[in-house]
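K.L.:
I'm passing along target_20.txt; it holds compact mmCIF, C-alpha atoms.
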# COMPACT_ATOMS: atom_id res chain seq x y z
CA MET C 1 18.46 -14.12 46.47
CA LYS C 2 20.21 -15.02 43.21
CA ILE C 3 17.28 -17.28 42.22
CA LEU C 4 14.81 -14.48 42.92
CA PHE C 5 16.84 -12.15 40.68
CA VAL C 6 16.89 -14.72 37.85
CA ILE C 7 13.11 -15.29 38.19
CA SER C 8 12.51 -11.52 38.12
CA VAL C 9 14.65 -11.13 34.97
CA CYS C 10 12.81 -14.02 33.27
CA LEU C 11 9.41 -12.53 34.17
CA ILE C 12 10.44 -9.12 32.79
CA LEU C 13 11.63 -10.76 29.55
CA ILE C 14 8.40 -12.78 29.20
CA LEU C 15 6.20 -9.75 29.90
CA GLY C 16 8.32 -7.66 27.52
CA SER C 17 7.89 -10.13 24.68
CA CYS C 18 4.11 -10.34 25.35
CA ALA C 19 3.82 -6.58 25.27
CA GLN C 20 5.49 -6.47 21.87
CA LYS C 21 2.89 -8.62 20.11
CA PRO C 22 0.29 -6.32 18.54
CA HIS C 23 -3.27 -6.58 19.77
CA PRO C 24 -6.50 -5.89 17.85
CA CYS C 25 -7.37 -2.22 18.14
CA ARG C 26 -10.09 0.32 17.31
CA ALA C 27 -9.57 3.37 15.05
CA PRO C 28 -9.95 6.88 16.53
CA PRO C 29 -13.67 7.68 17.01
CA LEU C 30 -13.61 10.82 14.85
CA LEU C 31 -11.90 10.45 11.54
CA GLU C 32 -12.07 11.91 8.06
CA GLY C 33 -10.11 11.07 4.96
CA LYS C 34 -10.21 9.47 1.53
CA LEU C 35 -10.54 5.95 0.32
CA THR C 36 -10.81 3.89 -2.82
CA VAL C 37 -13.15 0.92 -3.06
CA HIS C 38 -12.60 -1.74 -5.68
CA VAL C 39 -15.11 -4.50 -6.37
CA PRO C 40 -13.50 -6.53 -9.17
CA GLY C 41 -16.51 -8.83 -9.68
CA GLU C 42 -18.84 -5.93 -10.42
CA LYS C 43 -16.16 -3.79 -12.10
CA ILE C 44 -16.71 -1.02 -9.54
CA ARG C 45 -13.93 1.42 -8.67
CA VAL C 46 -14.98 4.29 -6.43
CA TYR C 47 -13.10 7.21 -4.85
CA GLU C 48 -14.63 8.57 -1.68
CA LYS C 49 -14.22 11.38 0.79
CA PHE C 50 -15.52 10.04 4.09
CA TYR C 51 -16.40 11.38 7.54
CA TYR C 52 -16.66 8.90 10.40
CA ASP C 53 -18.09 9.52 13.87
CA ALA C 54 -18.12 6.48 16.14
CA PHE C 55 -19.50 8.52 19.09
CA GLY C 56 -22.70 9.48 17.26
CA GLN C 57 -22.59 6.39 14.98
CA ASN C 58 -22.68 8.54 11.85
CA VAL C 59 -20.93 8.13 8.51
CA ARG C 60 -20.97 10.48 5.53
CA VAL C 61 -19.44 9.58 2.16
CA VAL C 62 -19.16 11.59 -1.03
CA ALA C 63 -18.25 9.12 -3.76
CA TYR C 64 -17.50 9.20 -7.46
CA GLY C 65 -16.27 6.44 -9.68
CA LYS C 66 -16.91 3.90 -12.39
CA GLU C 67 -19.29 0.94 -12.43
CA ASP C 68 -18.85 -1.11 -15.59
CA ASN C 69 -17.67 2.03 -17.52
CA LYS C 70 -20.66 4.03 -16.25
CA THR C 71 -19.79 7.06 -14.12
CA ILE C 72 -21.36 6.98 -10.66
CA PHE C 73 -21.73 9.70 -8.03
CA ALA C 74 -23.22 9.45 -4.55
CA ASP C 75 -23.56 11.64 -1.49
CA ARG C 76 -24.71 9.41 1.34
CA LEU C 77 -25.37 10.04 5.02
CA LEU C 78 -25.74 7.01 7.28
CA LEU C 79 -27.20 7.72 10.74
CA PHE C 80 -26.97 4.29 12.36
CA ARG C 81 -28.38 5.31 15.77
CA GLU C 82 -31.47 6.86 14.13
CA GLY C 83 -31.67 3.96 11.66
CA VAL C 84 -31.86 6.24 8.61
CA LYS C 85 -29.88 6.52 5.40
CA TYR C 86 -30.03 9.63 3.19
CA ASP C 87 -29.04 9.72 -0.47
CA ILE C 88 -28.61 13.43 -1.08
CA HIS C 89 -28.85 15.08 -4.50
CA TYR C 90 -27.80 18.72 -4.17
CA HIS C 91 -28.10 19.45 -7.90
CA ASN C 92 -31.90 19.13 -7.79
CA GLN C 93 -32.37 19.49 -4.01
CA THR C 94 -33.85 16.03 -3.59
CA CYS C 95 -33.32 13.31 -1.06
CA VAL C 96 -34.01 9.60 -0.72
CA LYS C 97 -34.52 8.60 2.92
CA THR C 98 -34.32 4.88 3.61
CA ALA C 99 -34.56 2.84 6.82
CA LEU C 100 -31.14 1.58 7.93
CA LYS C 101 -31.69 -1.58 9.92
CA VAL C 102 -28.08 -2.64 10.27
CA SER C 103 -25.90 -2.21 13.35
CA PHE C 104 -23.02 0.22 13.46
CA ILE C 105 -19.74 -1.68 13.43
CA PRO C 106 -16.77 0.59 14.17
CA VAL C 107 -13.56 0.76 12.12
CA GLU C 108 -11.41 -1.75 13.97
CA VAL C 109 -9.34 -4.87 13.86
CA PRO C 110 -11.93 -7.42 15.10
CA HIS C 111 -11.07 -8.88 18.53
CA ASP C 112 -10.78 -12.39 17.05
CA ALA C 113 -8.53 -11.35 14.11
CA HIS C 114 -5.31 -13.32 13.72
CA PHE C 115 -2.07 -11.30 13.72
CA LEU C 116 -0.05 -12.04 10.57
CA HIS C 117 3.01 -9.79 10.55
CA GLN C 118 4.37 -6.36 11.28
CA LEU C 119 6.23 -4.44 8.59
CA VAL C 120 7.52 -0.99 7.72
CA ILE C 121 6.20 0.65 4.56
CA GLY C 122 9.28 2.58 3.44
CA SER C 123 12.28 2.67 5.76
CA SER C 124 12.82 2.76 9.51
CA SER C 125 16.25 4.36 9.04
CA ARG C 126 15.09 7.95 9.42
CA PRO C 127 11.96 9.65 10.86
CA GLY C 128 9.31 10.47 8.27
CA GLU C 129 10.55 7.82 5.82
CA GLY C 130 8.52 4.86 7.02
CA LEU C 131 5.25 3.70 8.56
CA LEU C 132 4.94 0.74 10.95
CA VAL C 133 1.86 -1.35 10.16
CA ASN C 134 0.33 -4.61 11.37
CA ASN C 135 -1.34 -7.07 9.03
CA TRP C 136 -4.26 -9.18 10.20
CA GLU C 137 -6.52 -11.88 8.82
CA GLY C 138 -9.74 -13.44 9.99
CA ILE C 139 -13.22 -14.70 9.20
CA VAL C 140 -16.41 -12.67 9.73
CA SER C 141 -18.48 -14.84 12.08
CA GLN C 142 -21.87 -13.82 10.59
CA THR C 143 -20.99 -14.19 6.90
CA LYS C 144 -17.99 -16.58 7.04
CA GLU C 145 -16.10 -14.21 4.72
CA HIS C 146 -12.31 -14.29 4.89
CA TYR C 147 -10.54 -10.93 5.24
CA PHE C 148 -7.10 -9.34 5.33
CA MET C 149 -6.55 -5.92 6.83
CA SER C 150 -3.67 -3.61 7.61
CA PHE C 151 -3.70 -0.98 10.39
CA THR C 152 -0.96 1.35 11.60
CA GLU C 153 0.83 0.28 14.80
CA PHE C 154 0.62 3.83 16.15
CA GLY C 155 -2.84 5.38 16.09
CA CYS C 156 -4.68 2.24 14.86
CA LEU C 157 -5.49 3.79 11.50
CA PRO C 158 -6.82 1.67 8.63
CA ILE C 159 -4.51 1.25 5.61
CA TYR C 160 -6.42 -1.33 3.59
CA SER C 161 -8.92 -4.15 3.93
CA ILE C 162 -9.67 -6.99 1.55
CA TYR C 163 -12.77 -9.17 1.86
CA PHE C 164 -12.84 -12.40 -0.12
CA THR C 165 -15.65 -14.43 -1.64
CA ASP C 166 -16.08 -18.05 -0.52
CA LYS C 167 -13.89 -19.06 -3.49
CA MET C 168 -11.12 -16.71 -2.19
CA ASN C 169 -11.52 -14.21 -5.03
CA VAL C 170 -11.32 -10.55 -4.00
CA ASP C 171 -14.82 -9.34 -3.14
CA ILE C 172 -14.18 -5.79 -1.85
CA MET C 173 -10.81 -4.06 -1.53
CA THR C 174 -10.65 -0.73 0.33
CA SER C 175 -7.55 1.50 0.63
CA PHE C 176 -7.48 4.47 3.02
CA TYR C 177 -5.29 7.57 2.79
CA ASP C 178 -5.05 11.26 3.79
CA LEU C 179 -6.62 10.48 7.16
CA VAL C 180 -7.08 13.19 9.77
CA ASN C 181 -8.04 12.70 13.42
CA GLY C 182 -11.21 14.67 14.11
CA ILE C 183 -14.06 16.11 12.07
CA GLU C 184 -13.44 19.58 10.64
CA ASP C 185 -17.11 20.36 10.00
CA PRO C 186 -19.52 18.52 12.36
CA GLU C 187 -22.46 19.65 10.18
CA VAL C 188 -21.60 16.93 7.64
CA PHE C 189 -23.74 14.62 9.81
CA ILE C 190 -26.81 16.87 9.67
CA PRO C 191 -29.04 16.21 6.65
CA PRO C 192 -29.76 19.31 4.51
CA SER C 193 -33.11 21.05 5.08
CA PHE C 194 -34.59 19.77 1.81
CA CYS C 195 -34.45 16.22 3.30
CA ASP C 196 -36.77 17.15 6.22
CA SER C 197 -40.12 16.52 4.55
CA VAL C 198 -39.08 13.36 2.71
CA LYS C 199 -40.95 10.15 3.58
CA LEU C 200 -39.05 7.16 4.90
CA ARG C 201 -38.75 4.18 2.57
CA GLU C 202 -38.33 0.63 3.81
CA ALA C 203 -34.90 -0.96 3.40
CA LYS C 204 -34.43 -3.72 0.82
CA ASP C 205 -32.36 -5.92 3.13
CA ASP C 206 -31.19 -5.85 6.71
CA THR C 207 -27.97 -7.82 6.59
CA GLU C 208 -25.38 -6.78 9.11
CA THR C 209 -22.74 -4.50 7.67
CA ASN C 210 -19.57 -2.76 8.76
CA PHE C 211 -18.00 0.53 7.74
CA PHE C 212 -16.14 -1.01 4.79
CA LYS C 213 -19.34 -2.50 3.33
CA ALA C 214 -21.69 0.39 4.19
CA LEU C 215 -19.83 2.64 1.78
CA LEU C 216 -21.12 0.92 -1.32
CA MET W 1 7.91 50.93 -4.28
CA LYS W 2 4.45 49.36 -3.92
CA ILE W 3 4.77 47.71 -7.38
CA LEU W 4 8.19 46.31 -6.45
CA PHE W 5 6.69 44.82 -3.27
CA VAL W 6 3.80 43.22 -5.24
CA ILE W 7 6.26 41.78 -7.81
CA SER W 8 8.43 40.39 -4.99
CA VAL W 9 5.43 38.74 -3.31
CA CYS W 10 4.30 37.24 -6.66
CA LEU W 11 7.82 35.89 -7.32
CA ILE W 12 7.98 34.34 -3.84
CA LEU W 13 4.57 32.70 -4.37
CA ILE W 14 5.56 31.35 -7.82
CA LEU W 15 8.90 30.02 -6.54
CA GLY W 16 7.16 28.58 -3.49
CA SER W 17 4.61 26.71 -5.59
CA CYS W 18 7.41 25.40 -7.89
CA ALA W 19 9.39 24.15 -4.89
CA GLN W 20 6.33 22.29 -3.59
CA LYS W 21 5.80 20.20 -6.72
CA PRO W 22 7.64 16.89 -6.30
CA HIS W 23 10.44 16.12 -8.72
CA PRO W 24 11.62 12.71 -9.94
CA CYS W 25 14.23 11.35 -7.55
CA ARG W 26 16.70 8.51 -7.10
CA ALA W 27 16.60 6.04 -4.17
CA PRO W 28 19.54 5.92 -1.72
CA PRO W 29 22.52 4.15 -3.34
CA LEU W 30 22.84 1.49 -0.62
CA LEU W 31 19.61 -0.16 0.37
CA GLU W 32 18.39 -3.47 1.69
CA GLY W 33 14.91 -4.68 2.43
CA LYS W 34 12.11 -6.98 1.37
CA LEU W 35 9.76 -7.03 -1.57
CA THR W 36 6.99 -9.04 -3.13
CA VAL W 37 6.76 -9.52 -6.88
CA HIS W 38 3.46 -10.51 -8.48
CA VAL W 39 3.19 -11.52 -12.14
CA PRO W 40 -0.53 -12.31 -12.59
CA GLY W 41 -0.14 -13.54 -16.20
CA GLU W 42 2.36 -16.24 -15.21
CA LYS W 43 0.80 -16.85 -11.77
CA ILE W 44 4.09 -15.95 -10.08
CA ARG W 45 4.15 -14.57 -6.52
CA VAL W 46 7.61 -14.21 -5.03
CA TYR W 47 8.90 -12.86 -1.68
CA GLU W 48 12.44 -11.55 -1.77
CA LYS W 49 15.09 -10.23 0.55
CA PHE W 50 17.18 -7.85 -1.55
CA TYR W 51 20.48 -5.98 -1.27
CA TYR W 52 21.06 -3.05 -3.62
CA ASP W 53 24.33 -1.21 -4.25
CA ALA W 54 24.13 1.53 -6.88
CA PHE W 55 27.78 2.54 -6.29
CA GLY W 56 29.15 -0.86 -7.31
CA GLN W 57 26.14 -1.68 -9.51
CA ASN W 58 25.44 -4.89 -7.61
CA VAL W 59 22.15 -6.53 -6.63
CA ARG W 60 21.64 -9.67 -4.55
CA VAL W 61 18.22 -11.29 -4.10
CA VAL W 62 17.16 -14.31 -2.09
CA ALA W 63 13.71 -15.26 -3.31
CA TYR W 64 11.07 -17.84 -2.50
CA GLY W 65 7.57 -18.12 -3.83
CA LYS W 66 5.06 -19.84 -6.05
CA GLU W 67 4.96 -20.19 -9.82
CA ASP W 68 1.76 -21.87 -10.99
CA ASN W 69 1.48 -23.74 -7.62
CA LYS W 70 5.13 -24.90 -7.89
CA THR W 71 7.42 -23.68 -5.10
CA ILE W 72 10.41 -21.70 -6.35
CA PHE W 73 13.60 -20.64 -4.59
CA ALA W 74 16.46 -18.56 -5.95
CA ASP W 75 19.63 -16.96 -4.62
CA ARG W 76 20.88 -14.62 -7.32
CA LEU W 77 23.80 -12.20 -7.48
CA LEU W 78 23.82 -9.66 -10.31
CA LEU W 79 27.14 -7.87 -10.88
CA PHE W 80 26.18 -5.39 -13.62
CA ARG W 81 29.60 -3.72 -13.89
CA GLU W 82 31.34 -7.09 -14.38
CA GLY W 83 28.49 -8.28 -16.62
CA VAL W 84 27.98 -11.49 -14.68
CA LYS W 85 24.98 -13.14 -13.02
CA TYR W 86 25.35 -15.95 -10.46
CA ASP W 87 22.62 -18.40 -9.50
CA ILE W 88 23.89 -19.80 -6.25
CA HIS W 89 22.84 -23.16 -4.80
CA TYR W 90 24.28 -23.48 -1.30
CA HIS W 91 22.60 -26.84 -0.60
CA ASN W 92 24.85 -28.63 -3.13
CA GLN W 93 27.58 -25.96 -3.40
CA THR W 94 26.97 -25.33 -7.10
CA CYS W 95 26.73 -22.18 -9.14
CA VAL W 96 25.46 -21.14 -12.55
CA LYS W 97 27.43 -18.17 -13.95
CA THR W 98 25.78 -16.36 -16.84
CA ALA W 99 26.82 -13.32 -18.87
CA LEU W 100 24.74 -10.26 -17.91
CA LYS W 101 24.60 -7.98 -20.94
CA VAL W 102 22.06 -5.52 -19.64
CA SER W 103 22.75 -2.05 -18.24
CA PHE W 104 22.29 -1.22 -14.59
CA ILE W 105 19.28 1.03 -14.15
CA PRO W 106 19.06 2.45 -10.63
CA VAL W 107 15.97 2.43 -8.41
CA GLU W 108 14.47 5.79 -9.27
CA VAL W 109 11.52 7.74 -10.53
CA PRO W 110 12.53 8.20 -14.19
CA HIS W 111 13.32 11.81 -15.10
CA ASP W 112 10.43 11.88 -17.61
CA ALA W 113 7.83 10.38 -15.24
CA HIS W 114 4.59 12.34 -14.87
CA PHE W 115 3.64 13.38 -11.33
CA LEU W 116 0.13 12.15 -10.46
CA HIS W 117 -0.60 13.02 -6.83
CA GLN W 118 0.77 13.22 -3.34
CA LEU W 119 -0.97 11.45 -0.48
CA VAL W 120 -0.51 10.35 3.11
CA ILE W 121 -0.74 6.64 3.88
CA GLY W 122 -2.30 6.74 7.35
CA SER W 123 -2.71 10.12 9.03
CA SER W 124 -0.77 13.35 9.13
CA SER W 125 -2.34 14.26 12.50
CA ARG W 126 0.47 12.85 14.65
CA PRO W 127 4.11 11.86 14.02
CA GLY W 128 4.63 8.18 13.29
CA GLU W 129 1.04 7.67 12.11
CA GLY W 130 1.48 8.47 8.44
CA LEU W 131 3.80 8.38 5.44
CA LEU W 132 3.89 11.05 2.71
CA VAL W 133 4.24 9.47 -0.75
CA ASN W 134 4.22 10.68 -4.36
CA ASN W 135 2.57 8.70 -7.14
CA TRP W 136 3.98 8.77 -10.67
CA GLU W 137 3.16 7.35 -14.05
CA GLY W 138 5.04 7.11 -17.31
CA ILE W 139 6.06 5.07 -20.32
CA VAL W 140 9.38 3.20 -20.67
CA SER W 141 10.93 4.70 -23.82
CA GLN W 142 12.66 1.43 -24.91
CA THR W 143 9.72 -0.94 -24.42
CA LYS W 144 6.73 1.47 -24.52
CA GLU W 145 5.40 -0.14 -21.35
CA HIS W 146 3.13 1.96 -19.15
CA TYR W 147 3.98 2.11 -15.42
CA PHE W 148 2.73 3.47 -12.11
CA MET W 149 5.07 3.89 -9.18
CA SER W 150 4.95 5.29 -5.66
CA PHE W 151 7.97 6.68 -3.79
CA THR W 152 8.23 8.34 -0.38
CA GLU W 153 8.50 12.15 -0.42
CA PHE W 154 11.24 12.03 2.20
CA GLY W 155 14.13 9.72 1.37
CA CYS W 156 12.90 8.76 -2.14
CA LEU W 157 12.20 5.17 -1.13
CA PRO W 158 10.21 2.85 -3.39
CA ILE W 159 6.77 1.75 -2.11
CA TYR W 160 5.43 -0.04 -5.17
CA SER W 161 5.71 -0.20 -8.95
CA ILE W 162 3.28 -1.62 -11.48
CA TYR W 163 4.25 -2.28 -15.09
CA PHE W 164 1.45 -2.90 -17.57
CA THR W 165 1.24 -4.95 -20.76
CA ASP W 166 0.31 -3.16 -23.99
CA LYS W 167 -3.32 -4.10 -23.25
CA MET W 168 -3.04 -2.36 -19.83
CA ASN W 169 -3.21 -5.60 -17.87
CA VAL W 170 -0.83 -5.81 -14.90
CA ASP W 171 2.46 -7.29 -16.08
CA ILE W 172 4.64 -7.02 -12.95
CA MET W 173 3.66 -5.57 -9.59
CA THR W 174 6.37 -5.03 -6.97
CA SER W 175 5.81 -3.89 -3.36
CA PHE W 176 8.72 -2.84 -1.14
CA TYR W 177 8.84 -2.85 2.67
CA ASP W 178 11.18 -3.09 5.69
CA LEU W 179 13.76 -0.95 3.87
CA VAL W 180 17.00 0.07 5.56
CA ASN W 181 19.50 2.63 4.31
CA GLY W 182 22.89 0.94 3.96
CA ILE W 183 24.16 -2.62 3.56
CA GLU W 184 24.71 -4.49 6.81
CA ASP W 185 27.01 -7.14 5.30
CA PRO W 186 28.95 -5.92 2.22
CA GLU W 187 30.04 -9.52 1.53
CA VAL W 188 26.60 -10.28 0.07
CA PHE W 189 28.00 -8.95 -3.22
CA ILE W 190 30.98 -11.34 -3.25
CA PRO W 191 30.19 -14.70 -4.87
CA PRO W 192 30.96 -17.73 -2.66
CA SER W 193 34.28 -19.55 -3.31
CA PHE W 194 32.56 -22.53 -4.97
CA CYS W 195 31.55 -20.18 -7.82
CA ASP W 196 35.19 -19.34 -8.68
CA SER W 197 35.91 -22.22 -11.05
CA VAL W 198 32.56 -22.17 -12.82
CA LYS W 199 32.57 -21.46 -16.59
CA LEU W 200 30.65 -18.49 -17.95
CA ARG W 201 27.52 -19.28 -19.95
CA GLU W 202 26.18 -16.98 -22.64
CA ALA W 203 23.01 -15.05 -21.84
CA LYS W 204 19.76 -16.03 -23.57
CA ASP W 205 18.72 -12.46 -24.26
CA ASP W 206 20.16 -9.01 -23.81
CA THR W 207 17.09 -6.84 -23.45
CA GLU W 208 17.55 -3.80 -21.29
CA THR W 209 16.23 -4.26 -17.80
CA ASN W 210 15.82 -2.29 -14.59
CA PHE W 211 15.96 -3.27 -10.94
CA PHE W 212 12.28 -4.21 -10.82
CA LYS W 213 12.59 -6.59 -13.80
CA ALA W 214 16.04 -8.00 -12.97
CA LEU W 215 14.65 -9.63 -9.87
CA LEU W 216 12.71 -12.29 -11.75
Go ahead and render the structure in this file as structure tokens.
P.N.:
Amino acid sequence: MKILFVISVCLILILGSCAQKPHPCRAPPLLEGKLTVHVPGEKIRVYEKFYYDAFGQNVRVVAYGKEDNKTIFADRLLLFREGVKYDIHYHNQTCVKTALKVSFIPVEVPHDAHFLHQLVIGSSSRPGEGLLVNNWEGIVSQTKEHYFMSFTEFGCLPIYSIYFTDKMNVDIMTSFYDLVNGIEDPEVFIPPSFCDSVKLREAKDDTETNFFKALL
Amino acid sequence: MKILFVISVCLILILGSCAQKPHPCRAPPLLEGKLTVHVPGEKIRVYEKFYYDAFGQNVRVVAYGKEDNKTIFADRLLLFREGVKYDIHYHNQTCVKTALKVSFIPVEVPHDAHFLHQLVIGSSSRPGEGLLVNNWEGIVSQTKEHYFMSFTEFGCLPIYSIYFTDKMNVDIMTSFYDLVNGIEDPEVFIPPSFCDSVKLREAKDDTETNFFKALL
């Protein structure tokens, strides 16, 4: 009886410690917020408002920033399921409609990512003063790129991601903030009427991409 | 009567909007946690466990890291009120005791810092999924250095600080995490007994420093 009790206690402890190790996770399917993208090699720094719909496989970004001291602005709608990308120019009511031949890859910690460490940004002493996050690293199987990423423990929300070049220089660094669960205006995924009659152009390349890369 | 009501409403709105703008703040007086310091120019990247006591004006840091591919380790006790700095080497029970002629500058958003913006790291949709922070910038009056810093809205806890060189390259970048209000072991500010008989050395320089700089 005593042995059974000891075995039970050991099993509970083992299972408890397993449960505490964070597992790769997927971000909420409907998400909007802001992000900054930094591409040091090309001197690009972009601020974006984004809308993300993993159910419909749609992404909309409104971006402004600097590329080599030149101001850039973009309003882009990516409809992955339809295989179409719209570059929308409201100021002159024009549209560029391009084939999007890449797969939709959701915002997530990839299943084969390696858990690095868990930390609290701020303090865990009082509620509202800290945020528990998990840091991950891994290699993209298709491109062999090394990455680091940080997601919240609760809610699986992206905090930042860094993709490296093969020489371990920073390729793309993305920081997320002001995230909200849900999409306030679902019409952001419907192209404006002046895009209807535009002819489809062929895509320049069809390399696989994920959310972090598709924004550029 | 109607005019009085309108004036009252206007006053409430004005006072309300004033109250909402974040003000410079000072971190809790007793704090311990971890930080990383990055000095790109000197290729220094250091991880530190720190203990901070603004009441007694004491700081203890245990640091390990890399300087130009060379591993560095330091255990340093800064007693600002006594004007003494100890470099403690437990492995051979030795101590280097140096005069500390700099003033104690607390962990704070300086009173003349300029408020940049408020943002949520993560999401504000559910408790525990986000952290409200304020970003600040300013210029150190003594050294004319430009800085950016981020502190939590609740609790005034440091998240990161970046000091720039006069050419706006990153000089020192410090990120804080795993912070706890209070000091678990107050003896961290008492030098070990093998430091008692050590003679005081004169300091090399006496430039004013703050918490972020004193750690190096």
K.L.:
Ranking C:Ile183, C:Ile162, C:Ala63, C:Val120 by minimum distance to chain W and counting only C-alpha atoms, which one comes first?
P.N.:
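Closest to chain W, using only C-alpha atoms: C:Val120.
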K.L.:
Suppose you want the space between CA of Asp185 (chain W) and CA of Tyr86 (chain W); what is it in Å?
P.N.:
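Between CA of Asp185 (chain W) and CA of Tyr86 (chain W) the gap is 18.1 Å.
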K.L.:
May I have a table of the residues of chain W lying at most 9 Å from chain C, giving each one's closest pair of atoms and their distance in Å to one decimal, counting only C-alpha atoms, ordered by chain and ascending residue number, as a Markdown table?
P.N.:
| residue | atom | partner | partner_atom | distance |
| --- | --- | --- | --- | --- |
| W:Gly33 | CA | C:Ser123 | CA | 8.5 |
| W:Leu119 | CA | C:Asp178 | CA | 5.9 |
| W:Val120 | CA | C:Asp178 | CA | 4.7 |
| W:Ile121 | CA | C:Tyr177 | CA | 4.8 |
| W:Gly122 | CA | C:Tyr177 | CA | 5.5 |
| W:Ser123 | CA | C:Leu179 | CA | 4.3 |
| W:Ser124 | CA | C:Val180 | CA | 6.3 |
| W:Ser125 | CA | C:Val180 | CA | 5.6 |
| W:Arg126 | CA | C:Gly155 | CA | 8.3 |
| W:Pro127 | CA | C:Gly128 | CA | 7.9 |
| W:Gly128 | CA | C:Leu131 | CA | 6.5 |
| W:Glu129 | CA | C:Phe154 | CA | 5.6 |
| W:Gly130 | CA | C:Leu131 | CA | 6.1 |
| W:Leu131 | CA | C:Leu131 | CA | 5.8 |
| W:Leu132 | CA | C:Gly128 | CA | 7.8 |
| W:Phe151 | CA | C:Gly122 | CA | 8.4 |
| W:Thr152 | CA | C:Glu129 | CA | 6.6 |
| W:Glu153 | CA | C:Glu129 | CA | 7.9 |
| W:Phe154 | CA | C:Glu129 | CA | 5.6 |
| W:Gly155 | CA | C:Glu129 | CA | 6.0 |
| W:Cys156 | CA | C:Glu129 | CA | 8.4 |
| W:Leu157 | CA | C:Gly122 | CA | 6.0 |
| W:Pro158 | CA | C:Gly122 | CA | 6.9 |
| W:Ile159 | CA | C:Gly122 | CA | 6.1 |
| W:Phe176 | CA | C:Gly122 | CA | 7.1 |
| W:Tyr177 | CA | C:Ile121 | CA | 4.8 |
| W:Asp178 | CA | C:Val120 | CA | 4.7 |
| W:Leu179 | CA | C:Ser123 | CA | 4.3 |
| W:Val180 | CA | C:Ser123 | CA | 5.4 |
| W:Asn181 | CA | C:Ser125 | CA | 6.0 |
K.L.:
Excluding region 39-53 of chain C and any residue of its chain fewer than 3 positions from it, enumerate the residues within 8 Å of it, using all atoms listed in the file, and give them as a list in words.
P.N.:
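Answer for this query is Pro29, Leu30, Leu31, Glu32, Gly33, Lys34, Leu35, Thr36, Gly56, Gln57, Asn58, Val59, Arg60, Val61, Val62, Ala63, Tyr64, Gly65, Lys66, Glu67, Asp68, Val170, Asp171, Ile172, Met173, Ile183 and Val188 of chain C.
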K.L.:
Give me the residues near Ile190 (chain W) as an MDAnalysis selection string, where near means some atom within 10 Å (using all atoms listed in the file) and where sequence neighbours in that chain fewer than 2 positions away do not count.
P.N.:
chainID W and resid 58 60 77 79 186:188 192:193 195
K.L.:
Record the distance separating CA of Glu202 (chain C) and CA of Thr94 (chain C), expressed in Å with one decimal.
P.N.:
17.7 Å
K.L.:
Given the point (26.2, -24.6, -3.4) in the file's coordinates, find the residues that have an atom at most 12 Å from it, counting all atoms listed in the file, and give them as JSON, numbers by chain.
P.N.:
{"W": [74, 75, 76, 86, 87, 88, 89, 90, 91, 92, 93, 94, 95, 96, 191, 192, 193, 194, 195, 196, 198]}
K.L.:
What's the separation between CA of Ala113 (chain W) and CA of Asn135 (chain W), in Å to one decimal place?
P.N.:
9.8 Å
K.L.:
For His117 (chain C), work out the shell of residues within 10 Å, counting all atoms listed in the file and skipping chain neighbours fewer than 3 positions away, then give it as a PyMOL selection string.
P.N.:
chain C and resi 21-22+114+133-137+150
K.L.:
Here is a test: counting all atoms listed in the file, which residue of W:Lys101, W:His23, W:His146, W:Lys85 is nearest to Ser161 (chain W)?
P.N.:
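Distance minimum relative to Ser161 (chain W) lands on W:His146.
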